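Here the structure comes first, spelled out in structure tokens, and everything after it is commentary.
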Amino acid sequence: MQLKRYTIASFILMILVAMAVYSIDNGTISFYLLGIHFPNLPIAFWVVVPLVIMYLASLIHMGVYTLVGNYKLRRLGKDHEKMVDALRDSLLGVSERNYVYKSDAYKLMGKLIDNSMIMPYETLRSIGNQKIDEVLQLMRDVKEKKNVDIKKFHLPPTSSIAIQNNLNRFERGEIDADSILSRPESYGEIVCTKAYESYVKTASVGSVMKFKHLFTKTSLIGFVQRINASENGIQISNEELVLIFSGLKLETKDWIDLSEAMSKNMLPEQRIRLFEMLSENNDDAMEGYLYTLYDLQMIDTANEILNSTSNNDYLIFKAYRDLKKANKHYDIAIFFNRSC
């Protein structure tokens, strides 16, 4: 529309100029320019020729800038689509993102979003973009543990939405631990670890050991509680247990937790021997050994070990030892905030 108006105005100007010149001088003229002979034509015609040339040049100028402008607009449009996809992936918890932006206007924001996770307020229901609104609805549904189908989003198993949705499915019983552990690449480490916590409570020792790399403190406690238990009980040697423990980074507190878990069903003799073996090569396990000895009322053995340590070591146990000597009979468990 603007080009049409410009063309009409240009032709009107040309006609007016031609008429004005012709009214002043209606003669003709011919001439040479740059060695070229121009024919004998009305002066008004030759006056209008530069206007025509300028009009054509302006059309070419506008055409070039229109093409450049359209190219920039298309580039901005593509970058905008990439930005929406990046925002969508950020909301979905997709970790691997690397969108390449052509325009400077999007490069800064794009780099920031590609390295960020967006957690919108729960009050945000929609923003008017279909892709983003679908993700916001999905996030609400997954958080509310609804049964949703996320296949169309093509999410990797390591994305936060996929992890939470699979945990919801596992909690509802739609998938079991065997299915998850048999296809770890489809569920990711977090879901497999959670399923393993349930798996170790009922599976055989051989089956549990096939996935021993998934052991955590939580699943380990659930496992050792089954030793000699009347229901879902297992038999396992101390050597096998030491091998399992060696693959985990356990702190001093963890050894006491394990000792307490073993106290439910494990035979006292095996429990004592196990911690004796552990403490020989692991100083952190010594507190678990002392806890075990005092818990099983092996007072003399525990006191003998404490007497051979430096004054600043195992102060809680030494305080307990002194209370026992003063005929103050407390349960060792209360010294570590455990129920008696």
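For the structure tokens, the naming scheme is as follows: chains receive sequential letters (A, B, ...) according to their order of presentation, residues are indexed from 1 within each chain, and ligands are indexed from 1 in presentation order.
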>> Applying 10 Å and only C-alpha atoms, which residues near A:Tyr314 remain after dropping the ones on its own chain fewer than 6 positions away? List them as a PyMOL selection string.
In response: chain A and resi 286-287+290+306
> Near A:Lys194, within 8 Å and counting only C-alpha atoms, which residues show up once chain neighbours fewer than 4 positions away are dropped, as a count of residues only?
Replying inline: 3
> Looking at A:Ala162, A:Ala326, A:Ile272, A:Met14, which one is nearest to A:Met54, with distances taken over only C-alpha atoms?
Replying inline: A:Met14
>> For a test of reading the model, state the distance in Å between atom CA of A:Leu73 and atom CA of A:Tyr101, rounded to one decimal.
In response: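 Between these atoms lies a distance of 13.3 Å.
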>> Among stretch 139-340 of chain A, which residues does DSSP mark as helix (DSSP H, G or I) when it is run on the backbone? Keep the chain and numbering as in the structure and answer as a PyMOL selection string.
In response: chain A and resi 139-143+151-153+160-172+177-182+184-199+205-210+212-214+217-224+238-246+252-262+268-281+283-295+299-307+315-325+332-336
> So, counting only C-alpha atoms, which residue among A:Asn115, A:Asn165, A:Gly173, A:Ile334 is closest to A:Glu96?
Replying inline: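 Of all the options, A:Asn115 lies closest to A:Glu96.
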Which neighbours of A:Val208 fall inside 12 Å, counting only C-alpha atoms, when residues of the same chain fewer than 6 positions from it are skipped, and could you give them as a PDB file with C-alpha atoms, in the first residue's frame?
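The new file result-v3.pdb reads:
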ATOM      1  CA  ALA A 177      10.810 -52.434  40.700  1.00  0.00           C
ATOM      2  CA  ASP A 178      11.675 -55.374  38.428  1.00  0.00           C
ATOM      3  CA  LEU A 181      15.715 -52.196  37.221  1.00  0.00           C
ATOM      4  CA  ALA A 195      12.878 -48.655  43.087  1.00  0.00           C
ATOM      5  CA  TYR A 196      15.911 -50.444  44.518  1.00  0.00           C
ATOM      6  CA  GLU A 197      15.004 -49.252  48.016  1.00  0.00           C
ATOM      7  CA  SER A 198      11.793 -51.241  47.670  1.00  0.00           C
ATOM      8  CA  TYR A 199      13.427 -54.114  45.794  1.00  0.00           C
ATOM      9  CA  VAL A 200      15.959 -54.941  48.530  1.00  0.00           C
ATOM     10  CA  LYS A 201      13.144 -55.544  51.038  1.00  0.00           C
ATOM     11  CA  THR A 202      11.827 -58.659  49.285  1.00  0.00           C
ATOM     12  CA  LEU A 214      22.520 -48.830  43.368  1.00  0.00           C
ATOM     13  CA  PHE A 215      22.957 -49.295  47.099  1.00  0.00           C
ATOM     14  CA  SER A 219      18.379 -49.202  50.775  1.00  0.00           C
ATOM     15  CA  LEU A 220      21.280 -50.693  52.744  1.00  0.00           C
ATOM     16  CA  GLY A 222      16.322 -51.891  54.528  1.00  0.00           C
ATOM     17  CA  PHE A 223      18.488 -54.769  53.345  1.00  0.00           C
ATOM     18  CA  VAL A 224      20.395 -55.492  56.574  1.00  0.00           C
ATOM     19  CA  ILE A 234      17.977 -63.605  54.310  1.00  0.00           C
ATOM     20  CA  ILE A 236      24.456 -63.414  54.183  1.00  0.00           C
ATOM     21  CA  ILE A 244      28.895 -54.188  49.913  1.00  0.00           C
TER      22      ILE A 244
END
